[in-house]
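What follows is the content of coords-v8.cif (mmCIF, C-alpha atoms).
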```cif
data_query
loop_
_atom_site.label_atom_id
_atom_site.label_comp_id
_atom_site.auth_asym_id
_atom_site.auth_seq_id
_atom_site.Cartn_x
_atom_site.Cartn_y
_atom_site.Cartn_z
CA MET H 1 0.59 1.87 10.95
CA ASN H 2 -2.09 4.49 11.52
CA PRO H 3 -2.06 6.68 8.36
CA SER H 4 -3.11 9.78 10.30
CA LEU H 5 -0.13 9.43 12.63
CA LEU H 6 2.21 9.03 9.69
CA GLN H 7 0.82 12.14 8.04
CA LYS H 8 1.07 14.06 11.32
CA TYR H 9 4.63 13.13 12.26
CA ASP H 10 6.45 12.55 8.96
CA VAL H 11 8.35 15.83 9.12
CA ALA H 12 11.93 16.84 8.39
CA ALA H 13 14.06 15.92 11.40
CA PRO H 14 17.72 15.31 12.34
CA ARG H 15 18.98 11.72 12.30
CA TYR H 16 20.71 12.17 15.68
CA THR H 17 23.97 10.50 14.83
CA SER H 18 25.21 13.21 17.18
CA TYR H 19 23.73 15.76 19.50
CA PRO H 20 23.82 18.58 18.71
CA SER H 21 23.33 17.60 15.07
CA VAL H 22 26.02 18.87 12.71
CA PRO H 23 24.12 21.93 11.36
CA TYR H 24 24.03 23.29 14.93
CA TRP H 25 27.75 22.96 15.61
CA THR H 26 29.22 26.32 16.58
CA ALA H 27 33.00 26.11 16.07
CA ASP H 28 34.49 26.85 12.64
CA HIS H 29 38.17 25.81 12.44
CA PRO H 30 38.45 25.12 16.18
CA ASP H 31 41.88 25.44 17.75
CA PRO H 32 43.64 22.05 17.38
CA GLU H 33 45.30 22.55 20.76
CA ILE H 34 41.93 22.82 22.48
CA TRP H 35 40.77 19.69 20.66
CA LEU H 36 43.94 17.83 21.71
CA ASP H 37 43.31 18.91 25.31
CA LYS H 38 39.88 17.29 25.03
CA VAL H 39 41.51 14.13 23.63
CA ASP H 40 43.99 14.14 26.53
CA ASN H 41 41.23 14.54 29.12
CA ALA H 42 39.16 11.75 27.56
CA MET H 43 42.11 9.34 27.63
CA ARG H 44 42.83 10.14 31.27
CA ILE H 45 39.28 9.03 32.06
CA ASP H 46 39.38 5.94 29.81
CA ARG H 47 42.40 4.56 27.90
CA GLU H 48 40.15 2.60 25.56
CA ILE H 49 39.49 4.33 22.25
CA SER H 50 37.47 3.77 19.10
CA LEU H 51 39.05 4.55 15.75
CA TYR H 52 37.21 5.34 12.53
CA ILE H 53 39.18 5.62 9.29
CA HIS H 54 37.42 7.16 6.32
CA LEU H 55 38.51 5.77 2.95
CA PRO H 56 36.46 7.94 0.60
CA PHE H 57 37.36 6.68 -2.88
CA CYS H 58 34.85 5.00 -5.21
CA GLU H 59 35.27 3.99 -8.84
CA SER H 60 31.74 5.07 -9.75
CA LEU H 61 28.99 7.22 -8.28
CA CYS H 62 25.97 5.52 -6.72
CA THR H 63 23.41 8.24 -7.24
CA TYR H 64 21.46 7.54 -4.02
CA CYS H 65 24.54 7.98 -1.83
CA GLY H 66 24.67 10.76 0.75
CA CYS H 67 28.20 9.98 1.98
CA ASN H 68 31.30 12.08 1.42
CA LYS H 69 33.23 10.38 -1.39
CA HIS H 70 35.71 10.99 -4.20
CA ILE H 71 35.03 9.33 -7.55
CA THR H 72 38.07 8.12 -9.47
CA LYS H 73 39.46 5.08 -11.27
CA ASN H 74 43.00 6.25 -10.62
CA HIS H 75 44.40 3.91 -7.99
CA ALA H 76 47.61 5.89 -7.79
CA VAL H 77 45.77 7.97 -5.15
CA GLU H 78 45.88 5.09 -2.66
CA ASN H 79 49.39 5.34 -1.27
CA PRO H 80 49.53 9.16 -0.87
CA TYR H 81 46.23 9.08 0.98
CA ILE H 82 47.35 6.26 3.28
CA GLN H 83 50.58 8.07 4.12
CA THR H 84 48.56 11.18 4.98
CA VAL H 85 46.24 9.21 7.27
CA LEU H 86 49.26 7.71 9.05
CA ARG H 87 50.78 11.17 9.52
CA GLU H 88 47.52 12.37 11.03
CA TRP H 89 47.46 9.34 13.34
CA LYS H 90 51.02 10.11 14.50
CA MET H 91 49.93 13.64 15.41
CA TYR H 92 47.49 12.08 17.86
CA VAL H 93 49.89 9.44 19.17
CA LYS H 94 52.49 12.09 19.90
CA GLU H 95 50.09 13.93 22.22
CA MET H 96 48.45 10.96 23.94
CA PRO H 97 49.18 10.67 27.68
CA PHE H 98 49.08 6.86 27.53
CA ARG H 99 49.47 4.09 25.02
CA PRO H 100 45.90 3.72 23.75
CA VAL H 101 43.86 0.54 24.08
CA LEU H 102 42.10 0.05 20.75
CA ARG H 103 38.62 -1.28 21.50
CA GLU H 104 37.08 -0.67 18.07
CA LEU H 105 38.40 -0.04 14.58
CA HIS H 106 36.17 0.56 11.58
CA LEU H 107 37.07 1.22 7.96
CA GLY H 108 34.31 3.21 6.30
CA GLY H 109 33.78 4.81 2.94
CA GLY H 110 33.53 5.50 0.18
CA THR H 111 34.73 2.04 -0.67
CA PRO H 112 37.45 0.63 1.60
CA THR H 113 37.92 -2.26 -0.84
CA PHE H 114 38.84 0.31 -3.49
CA PHE H 115 42.29 -0.02 -1.85
CA SER H 116 44.49 -2.98 -2.66
CA PRO H 117 45.03 -5.60 0.06
CA ASP H 118 48.71 -4.59 0.30
CA ASN H 119 47.80 -0.95 0.81
CA LEU H 120 45.24 -1.83 3.49
CA ARG H 121 47.95 -3.77 5.28
CA ALA H 122 50.29 -0.77 4.93
CA LEU H 123 47.62 1.34 6.61
CA ILE H 124 46.67 -0.94 9.49
CA GLU H 125 49.99 -2.44 10.59
CA PRO H 126 51.61 0.85 11.72
CA ILE H 127 48.48 1.73 13.70
CA LEU H 128 48.46 -1.63 15.47
CA ALA H 129 52.10 -1.08 16.40
CA ASP H 130 51.07 1.99 18.43
CA VAL H 131 48.25 0.44 20.46
CA GLU H 132 47.37 -2.28 22.91
CA LEU H 133 44.61 -4.69 21.95
CA PRO H 134 42.13 -5.90 24.58
CA LEU H 135 40.43 -9.26 24.45
CA GLY H 136 37.51 -8.98 22.07
CA ALA H 137 38.79 -5.97 20.17
CA ASP H 138 36.21 -5.32 17.45
CA PHE H 139 37.55 -4.61 13.94
CA SER H 140 35.16 -4.17 11.02
CA PHE H 141 35.06 -2.84 7.49
CA GLU H 142 32.58 -1.92 4.80
CA ALA H 143 32.77 -4.08 1.69
CA HIS H 144 31.50 -3.48 -1.82
CA PRO H 145 30.63 -6.98 -3.09
CA TRP H 146 31.86 -6.13 -6.59
CA SER H 147 35.39 -5.18 -5.52
CA THR H 148 35.99 -7.36 -2.45
CA THR H 149 38.35 -10.21 -3.32
CA PRO H 150 39.50 -13.27 -1.35
CA GLU H 151 42.83 -11.44 -0.96
CA HIS H 152 41.07 -8.50 0.72
CA LEU H 153 39.33 -10.86 3.11
CA LYS H 154 42.46 -12.86 3.96
CA THR H 155 44.56 -9.73 4.50
CA LEU H 156 42.03 -8.07 6.78
CA TYR H 157 41.37 -11.30 8.67
CA ASP H 158 45.10 -11.60 9.34
CA LEU H 159 44.96 -8.05 10.69
CA ARG H 160 42.32 -9.14 13.27
CA PHE H 161 39.21 -8.01 11.42
CA ARG H 162 36.29 -10.27 12.25
CA ARG H 163 33.23 -8.28 11.12
CA ILE H 164 32.26 -7.33 7.60
CA SER H 165 29.45 -5.04 6.47
CA VAL H 166 28.37 -5.80 2.92
CA GLY H 167 26.74 -2.95 1.01
CA VAL H 168 23.79 -4.56 -0.78
CA GLN H 169 21.09 -1.82 -0.73
CA ASP H 170 18.73 -4.06 -2.75
CA PHE H 171 19.17 -7.46 -4.39
CA ASP H 172 17.30 -6.37 -7.52
CA GLU H 173 19.90 -5.78 -10.23
CA GLY H 174 17.53 -3.51 -12.16
CA LEU H 175 17.16 -1.17 -9.19
CA MET H 176 20.92 -1.13 -8.74
CA LYS H 177 21.41 -0.16 -12.38
CA LEU H 178 18.91 2.64 -11.87
CA VAL H 179 21.08 4.10 -9.09
CA ASN H 180 24.29 3.37 -11.02
CA ARG H 181 25.63 0.66 -8.72
CA SER H 182 27.69 -2.14 -10.26
CA GLN H 183 26.52 -5.23 -8.42
CA THR H 184 24.92 -8.61 -8.99
CA VAL H 185 23.23 -11.10 -6.72
CA ASP H 186 26.06 -13.53 -7.41
CA SER H 187 28.64 -10.99 -6.27
CA VAL H 188 26.81 -10.48 -2.97
CA VAL H 189 26.43 -14.20 -2.30
CA ARG H 190 30.06 -14.82 -3.21
CA CYS H 191 31.25 -12.01 -0.89
CA VAL H 192 29.27 -13.31 2.09
CA GLU H 193 30.24 -16.94 1.56
CA GLU H 194 33.93 -16.12 1.08
CA ALA H 195 33.90 -13.98 4.23
CA ARG H 196 32.52 -16.87 6.25
CA THR H 197 34.99 -19.33 4.69
CA THR H 198 37.84 -16.97 5.59
CA GLY H 199 36.68 -16.94 9.22
CA PHE H 200 34.70 -13.75 9.67
CA ARG H 201 32.32 -14.41 12.54
CA SER H 202 29.89 -11.55 11.96
CA VAL H 203 28.30 -10.44 8.71
CA ASN H 204 26.12 -7.36 8.35
CA ILE H 205 24.05 -6.65 5.26
CA ASP H 206 23.10 -3.06 4.43
CA LEU H 207 19.69 -2.64 2.80
CA ILE H 208 17.88 0.58 1.88
CA TYR H 209 14.14 1.15 1.74
CA GLY H 210 12.64 4.04 -0.19
CA LEU H 211 14.81 3.76 -3.30
CA PRO H 212 13.31 4.93 -6.61
CA ARG H 213 10.74 2.48 -8.03
CA GLN H 214 11.20 0.15 -5.07
CA THR H 215 8.10 -1.83 -4.09
CA THR H 216 7.08 -4.27 -1.38
CA GLN H 217 7.82 -7.06 -3.85
CA HIS H 218 11.47 -5.94 -3.90
CA ILE H 219 11.54 -6.00 -0.10
CA GLN H 220 10.02 -9.49 -0.04
CA ILE H 221 12.72 -10.74 -2.42
CA ASP H 222 15.39 -9.01 -0.31
CA ALA H 223 14.02 -10.83 2.73
CA ASP H 224 14.14 -14.15 0.87
CA TYR H 225 17.87 -13.63 0.23
CA VAL H 226 18.41 -12.60 3.85
CA ALA H 227 16.77 -15.87 4.92
CA LYS H 228 19.26 -17.79 2.77
CA LEU H 229 22.37 -15.87 3.87
CA LEU H 230 21.33 -15.30 7.52
CA PRO H 231 23.68 -12.41 8.32
CA GLU H 232 24.14 -11.75 12.02
CA ARG H 233 23.00 -8.15 11.52
CA ILE H 234 20.87 -6.14 9.13
CA ALA H 235 21.06 -2.38 8.69
CA PHE H 236 17.76 -1.44 7.04
CA TYR H 237 18.27 2.23 6.29
CA SER H 238 15.73 4.76 5.16
CA TYR H 239 16.79 6.43 1.92
CA ALA H 240 17.40 10.08 2.80
CA HIS H 241 16.36 12.19 -0.17
CA VAL H 242 18.33 15.46 0.04
CA PRO H 243 18.98 16.54 -3.57
CA TRP H 244 19.64 20.12 -2.41
CA PHE H 245 22.65 18.68 -0.55
CA LYS H 246 23.64 15.73 -2.77
CA LYS H 247 23.16 16.74 -6.40
CA SER H 248 23.49 13.17 -7.70
CA GLN H 249 20.10 12.37 -6.15
CA ALA H 250 18.49 14.58 -8.80
CA ALA H 251 19.39 11.88 -11.35
CA TYR H 252 15.92 10.39 -11.11
CA SER H 253 12.43 11.80 -10.82
CA GLU H 254 10.99 12.38 -7.38
CA ALA H 255 7.78 10.91 -8.80
CA ASP H 256 9.59 7.55 -8.73
CA LEU H 257 10.22 7.75 -4.97
CA PRO H 258 7.91 5.95 -2.53
CA VAL H 259 6.92 8.46 0.14
CA GLY H 260 4.69 8.66 3.20
CA ALA H 261 2.61 5.54 3.79
CA ASP H 262 4.04 3.82 0.71
CA LYS H 263 7.58 4.23 1.99
CA ARG H 264 6.70 3.16 5.53
CA LEU H 265 5.02 0.02 4.16
CA LEU H 266 8.40 -0.98 2.70
CA TYR H 267 9.96 -0.83 6.17
CA GLU H 268 7.09 -2.63 7.88
CA THR H 269 7.23 -5.37 5.25
CA GLY H 270 10.93 -5.90 5.89
CA ARG H 271 10.61 -5.63 9.67
CA ARG H 272 7.86 -8.26 9.77
CA ARG H 273 9.87 -10.68 7.65
CA PHE H 274 13.07 -10.15 9.64
CA GLU H 275 11.30 -10.71 12.94
CA GLU H 276 9.74 -13.91 11.57
CA MET H 277 13.31 -15.11 10.91
CA GLY H 278 14.29 -14.43 14.53
CA TYR H 279 15.87 -10.99 14.22
CA ASN H 280 15.24 -8.38 16.90
CA GLU H 281 14.82 -4.68 16.19
CA ILE H 282 17.66 -3.28 18.27
CA GLY H 283 17.46 0.39 17.33
CA MET H 284 16.50 2.74 14.56
CA ASP H 285 16.83 0.83 11.26
CA HIS H 286 18.88 -2.03 12.77
CA PHE H 287 18.20 -5.71 13.42
CA ALA H 288 20.31 -8.46 14.99
CA LEU H 289 20.03 -12.16 15.74
CA PRO H 290 19.64 -13.04 19.45
CA HIS H 291 23.24 -14.26 19.82
CA ASP H 292 24.77 -11.16 18.21
CA SER H 293 26.64 -8.73 20.44
CA LEU H 294 24.35 -5.84 19.46
CA ASN H 295 21.29 -7.68 20.72
CA ILE H 296 23.08 -8.72 23.90
CA ALA H 297 24.15 -5.10 24.46
CA LEU H 298 20.53 -3.97 24.04
CA GLU H 299 19.41 -6.47 26.68
CA GLN H 300 22.21 -5.39 29.04
CA CYS H 301 21.63 -1.65 28.43
CA THR H 302 25.16 -1.15 27.10
CA LEU H 303 24.24 -0.50 23.47
CA HIS H 304 25.88 2.65 22.08
CA ARG H 305 25.44 4.78 18.97
CA ASN H 306 28.03 7.04 17.40
CA PHE H 307 29.26 8.10 13.97
CA MET H 308 30.11 4.46 13.22
CA GLY H 309 26.50 3.42 13.85
CA TYR H 310 25.26 1.08 16.59
CA THR H 311 27.99 -0.61 18.59
CA PRO H 312 28.06 -2.83 21.70
CA TYR H 313 30.93 -0.78 23.12
CA SER H 314 31.14 2.75 24.46
CA THR H 315 34.46 4.56 24.63
CA ARG H 316 34.72 8.15 25.73
CA LEU H 317 37.16 8.91 22.91
CA MET H 318 36.56 8.21 19.24
CA ILE H 319 39.21 9.44 16.83
CA GLY H 320 38.30 9.98 13.19
CA LEU H 321 41.09 9.77 10.63
CA GLY H 322 40.84 10.75 6.98
CA ALA H 323 38.94 13.32 4.96
CA SER H 324 35.61 14.36 6.58
CA ALA H 325 36.06 11.91 9.50
CA ILE H 326 34.59 12.99 12.84
CA GLY H 327 36.11 12.60 16.29
CA ASP H 328 34.23 12.61 19.60
CA THR H 329 35.45 13.12 23.18
CA TRP H 330 31.90 13.19 24.61
CA ASP H 331 32.27 16.90 25.44
CA ALA H 332 33.49 17.91 21.95
CA PHE H 333 33.20 16.97 18.27
CA ALA H 334 35.73 17.71 15.53
CA GLN H 335 35.38 17.04 11.81
CA ASN H 336 38.22 16.92 9.31
CA GLU H 337 38.45 18.84 6.05
CA LYS H 338 35.96 17.32 3.62
CA THR H 339 37.85 17.33 0.33
CA ILE H 340 40.89 15.16 -0.31
CA ALA H 341 42.90 18.18 -1.46
CA ASP H 342 42.16 20.26 1.66
CA TYR H 343 42.74 17.29 3.95
CA GLU H 344 46.10 16.37 2.43
CA ARG H 345 47.21 20.01 2.31
CA ALA H 346 46.48 20.51 6.01
CA VAL H 347 48.40 17.40 7.09
CA ASN H 348 51.29 17.36 4.61
CA GLU H 349 51.95 21.05 3.91
CA GLU H 350 50.55 22.91 6.90
CA LYS H 351 51.62 20.15 9.35
CA ARG H 352 48.44 20.46 11.41
CA LEU H 353 45.45 18.42 12.41
CA PRO H 354 43.06 18.84 9.48
CA ILE H 355 40.05 20.01 11.52
CA PHE H 356 37.69 22.47 9.88
CA ARG H 357 34.65 22.48 12.16
CA GLY H 358 33.47 21.17 15.50
CA HIS H 359 31.44 21.80 18.59
CA PHE H 360 32.27 22.07 22.28
CA LEU H 361 29.34 20.70 24.25
CA THR H 362 27.89 22.75 27.09
CA THR H 363 26.63 21.13 30.28
CA GLU H 364 23.13 21.35 28.83
CA ASP H 365 24.30 19.74 25.56
CA GLN H 366 25.83 16.82 27.42
CA LEU H 367 22.68 16.24 29.47
CA LEU H 368 20.38 16.32 26.45
CA ARG H 369 22.81 14.18 24.46
CA LYS H 370 22.60 11.52 27.16
CA HIS H 371 18.81 11.39 26.95
CA ILE H 372 18.72 11.29 23.14
CA LEU H 373 21.35 8.54 23.15
CA ARG H 374 19.34 6.50 25.64
CA LEU H 375 16.21 6.83 23.51
CA MET H 376 18.16 5.67 20.47
CA THR H 377 19.69 2.67 22.26
CA ARG H 378 17.22 1.72 25.03
CA PHE H 379 13.89 3.18 23.87
CA GLU H 380 13.59 4.97 27.20
CA THR H 381 15.30 7.53 29.41
CA ASP H 382 14.95 8.85 32.96
CA TRP H 383 16.19 11.73 35.11
CA PHE H 384 15.83 10.94 38.82
CA TRP H 385 18.72 13.09 40.05
CA PRO H 386 17.64 16.62 41.07
CA GLU H 387 20.43 18.26 39.06
CA GLU H 388 19.04 16.65 35.90
CA GLN H 389 15.57 18.14 36.31
CA THR H 390 16.15 21.21 34.17
CA ASP H 391 13.90 23.61 32.30
CA GLN H 392 14.89 21.96 29.01
CA LEU H 393 13.63 18.59 30.22
CA ALA H 394 10.40 20.24 31.31
CA HIS H 395 10.06 21.71 27.81
CA ALA H 396 10.76 18.26 26.33
CA ILE H 397 7.94 16.71 28.37
CA THR H 398 5.56 19.40 27.17
CA ARG H 399 6.52 18.67 23.56
CA LEU H 400 6.02 14.93 24.17
CA GLU H 401 2.48 15.26 25.52
CA PRO H 402 0.83 15.09 22.05
CA LEU H 403 2.93 12.01 21.23
CA ALA H 404 1.84 10.43 24.51
CA ALA H 405 -1.79 11.15 23.62
CA ASP H 406 -1.20 9.35 20.32
CA GLY H 407 0.27 6.31 22.08
CA LEU H 408 3.85 6.79 20.87
CA VAL H 409 5.42 7.32 24.29
CA VAL H 410 4.48 6.68 27.89
CA LEU H 411 5.19 9.58 30.25
CA GLU H 412 5.92 8.60 33.85
CA PRO H 413 7.37 10.65 36.71
CA PHE H 414 10.96 11.38 35.64
CA ARG H 415 10.85 8.84 32.78
CA VAL H 416 9.87 8.48 29.13
CA ARG H 417 9.32 5.10 27.45
CA VAL H 418 8.90 4.59 23.71
CA THR H 419 6.03 2.27 22.85
CA THR H 420 6.28 -0.39 20.16
CA GLU H 421 4.29 1.81 17.78
CA GLY H 422 6.40 4.79 18.77
CA ARG H 423 9.62 3.21 17.51
CA ALA H 424 8.66 4.27 14.00
CA PHE H 425 8.72 7.87 15.24
CA LEU H 426 11.96 7.71 17.22
CA ARG H 427 13.45 10.77 15.50
CA ASN H 428 10.36 12.81 16.40
CA ILE H 429 10.64 11.69 20.02
CA CYS H 430 14.31 12.64 20.19
CA MET H 431 13.51 15.99 18.60
CA ALA H 432 11.44 16.89 21.66
CA PHE H 433 14.73 17.02 23.61
CA ASP H 434 16.59 19.02 20.95
CA ALA H 435 17.03 22.47 22.48
CA HIS H 436 19.13 23.69 19.54
CA TYR H 437 16.41 22.78 17.04
CA TRP H 438 13.66 24.56 18.97
CA ARG H 439 15.74 27.67 19.51
CA LYS H 440 16.52 27.94 15.80
CA GLN H 441 14.31 25.91 13.53
CA PRO H 442 15.53 25.53 9.91
CA GLU H 443 14.29 28.17 7.51
CA GLY H 444 14.91 26.02 4.41
CA LYS H 445 15.49 22.40 3.52
CA LEU H 446 18.05 20.87 5.85
CA PHE H 447 16.97 17.41 7.09
CA SER H 448 15.37 14.33 5.52
CA GLN H 449 11.90 13.13 6.52
CA SER H 450 11.63 11.50 9.93
CA VAL H 451 9.57 8.48 8.83
#
```
Just give me the structure as structure tokens.
Amino acid sequence: MNPSLLQKYDVAAPRYTSYPSVPYWTADHPDPEIWLDKVDNAMRIDREISLYIHLPFCESLCTYCGCNKHITKNHAVENPYIQTVLREWKMYVKEMPFRPVLRELHLGGGTPTFFSPDNLRALIEPILADVELPLGADFSFEAHPWSTTPEHLKTLYDLRFRRISVGVQDFDEGLMKLVNRSQTVDSVVRCVEEARTTGFRSVNIDLIYGLPRQTTQHIQIDADYVAKLLPERIAFYSYAHVPWFKKSQAAYSEADLPVGADKRLLYETGRRRFEEMGYNEIGMDHFALPHDSLNIALEQCTLHRNFMGYTPYSTRLMIGLGASAIGDTWDAFAQNEKTIADYERAVNEEKRLPIFRGHFLTTEDQLLRKHILRLMTRFETDWFWPEEQTDQLAHAITRLEPLAADGLVVLEPFRVRVTTEGRAFLRNICMAFDAHYWRKQPEGKLFSQSV
């Protein structure tokens, strides 16, 4: 990578899991009735839904983690939390105009395998009783290799789960100790092999580049293990250093963090090795084997990206259950109360949907969201219809002209294409379309670095 380009474009930028990004959402404690109207409208357009369930408990704190979690060794919290999630789900079911068709279900964390197999069954079975399941329904969960047992795998397989995402981060046990993660290479290998023996057809491995004291040698060793395990997918995430937001990240010296060209070299080392093994780069930080559904979706231009990550399916409605979970109706976002106490109080005592913030997308928001989503999932976007040719798109093209001069994008009449070199700067390219960002740029630290 050209060092001058890296220096020029490695700026703080949103990650574009949503547009507008969360700091620009405008609705504090939105009216649940308005949100439910949005849910109703979305279902009348498409009965298929995606469901994300946030299971936020972890037994110990991984200091690199930027997720919303609750640290405890007290497993008595499991059942009360599950019952609360089921009550929240019933609030939605009661208002749905049709019996939903559950296209996707994902258990995220925290650590979903913090919960016992019996309690996971107690969570999932009542939800399945309220839905229809299409052919190819896609159920997945995030697994900590240290806590995932054969009983977890068998229980979830019996409940129609076929994909597992194993949180590895790095195979080096010394690095994992440095970030306070209990994990061994043997535990990772055992988890993957037991998942395949159980019948799981798709394995994803999460890796992180940019961890403290991580070097290209670590990435080479990680790639060697990937070559042995051959997961169908790899999520190769950039470590987002935001100690002003996540205090645990101050546990180690910033002098230990690879930054700039050193950090990017970690990614390029991994990308080169993965591509040599036959993986394709299917989006920002993600790789998949040619036969995997993510790669097929990329080729067929049906790849989607939402709060669950990259997915081969697109549903208009995504419901988020659990503390801090986010729902999406395409024209609105809603996020639940972030703490366990506030979440459970809202559902159990106040008998209401536990929403504490959201955003209702304007026509402009929806148009710009479409273009940012296309860039994230197709590496290009276009706007041939006259009604799409707005002032904001004209401003975006003006902002992209320096990137085009640097060979990161190709500007054509009514179209933008990301070049191969430009993929490293995808967040910068998307930022050109971000009207909210340009109207009100952050005054302090808010986002992680773009590259």
TODO: Any chance you could resolve the PyMOL selection byres ((chain H and resi 301) around 12) against this file and give the residues as a VMD selection string?
DONE: chain H and resid 282 293 to 300 302 to 304 311 to 314 373 to 381
Open item on the list: Restricting the calculation to all atoms listed in the file: of H:Glu48, H:Glu78, H:Asp172, H:Asp186, which residue gets closest to Ile340 of chain H?
Closed with: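 Closest candidate: H:Glu78.
Neighbours of Gly320 of chain H closer than or equal to 9 Å, with all atoms listed in the file counted and sequence neighbours fewer than 5 positions away skipped, come out as Ser50, Leu51, Tyr52, Ile53, His54, Ala325, Ile326, Gly327, Asp328, Ala334, Gln335 and Asn336 of chain H.
Residues lying within 8 Å of Tyr16 of chain H, counting all atoms listed in the file and ignoring same-chain neighbours fewer than 2 positions away, are Pro14, Ser18, Tyr19, Pro20, Ser21, Ile372, Arg427 and Cys430 of chain H.
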- [ ] Check which residues satisfy the PyMOL selection byres ((chain H and resi 221) around 12) in the file shown, then give them as an NGL selection string.
- [x] :H and (170-173 or 185 or 207 or 214-220 or 222-228 or 266 or 269-270 or 273)
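Near Leu123 of chain H, within a cut-off of 12 Å and counting only C-alpha atoms, sit the residues Ile53, His54, Leu55, Glu78, Asn79, Pro80, Tyr81, Ile82, Gln83, Thr84, Val85, Leu86, Arg87, Glu88, Trp89, Leu107, Pro112, Phe115, Ser116, Pro117, Asp118, Leu128, Ala129, Thr155, Leu156, Leu159, Leu321 and Gly322 of chain H, with same-chain residues fewer than 5 positions away left out.
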TODO: Please tell me which residues are no farther than 12 Å from (43.1, -12.5, 6.6) in the file, counting all atoms listed in the file, and write them as number ranges by chain.
DONE: H: 117-118, 120-121, 149-163, 194-200
TODO: Record the distance separating atom CA of Met284 of chain H and atom CA of Glu337 of chain H, expressed in Å with one decimal.
DONE: 28.5 Å
TODO: One decimal, Å: what's the distance from atom CA of Thr420 of chain H over to atom CA of Leu211 of chain H, could you say?
DONE: 25.3 Å
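Between Ser60 of chain H and the residues H:Lys94, H:His106, H:Arg201, H:Lys177, the shortest atom-to-atom distance, using all atoms listed in the file, involves H:Lys177.
With all atoms listed in the file as the atoms that count, the minimum distance from Ala396 of chain H to the choices H:His371, H:Arg190, H:Lys73, H:His144 is reached by H:His371.
For the structure shown here, the set of residues caught by the PyMOL selection byres ((chain H and resi 289) around 8) is Glu232, Arg233, Gly278, Tyr279, Asn280, Phe287, Ala288, Pro290, His291, Asp292 and Asn295 of chain H.
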Task: Gap from atom CA of Glu142 of chain H to atom CA of Thr113 of chain H - Å, one decimal - done: 7.8 Å
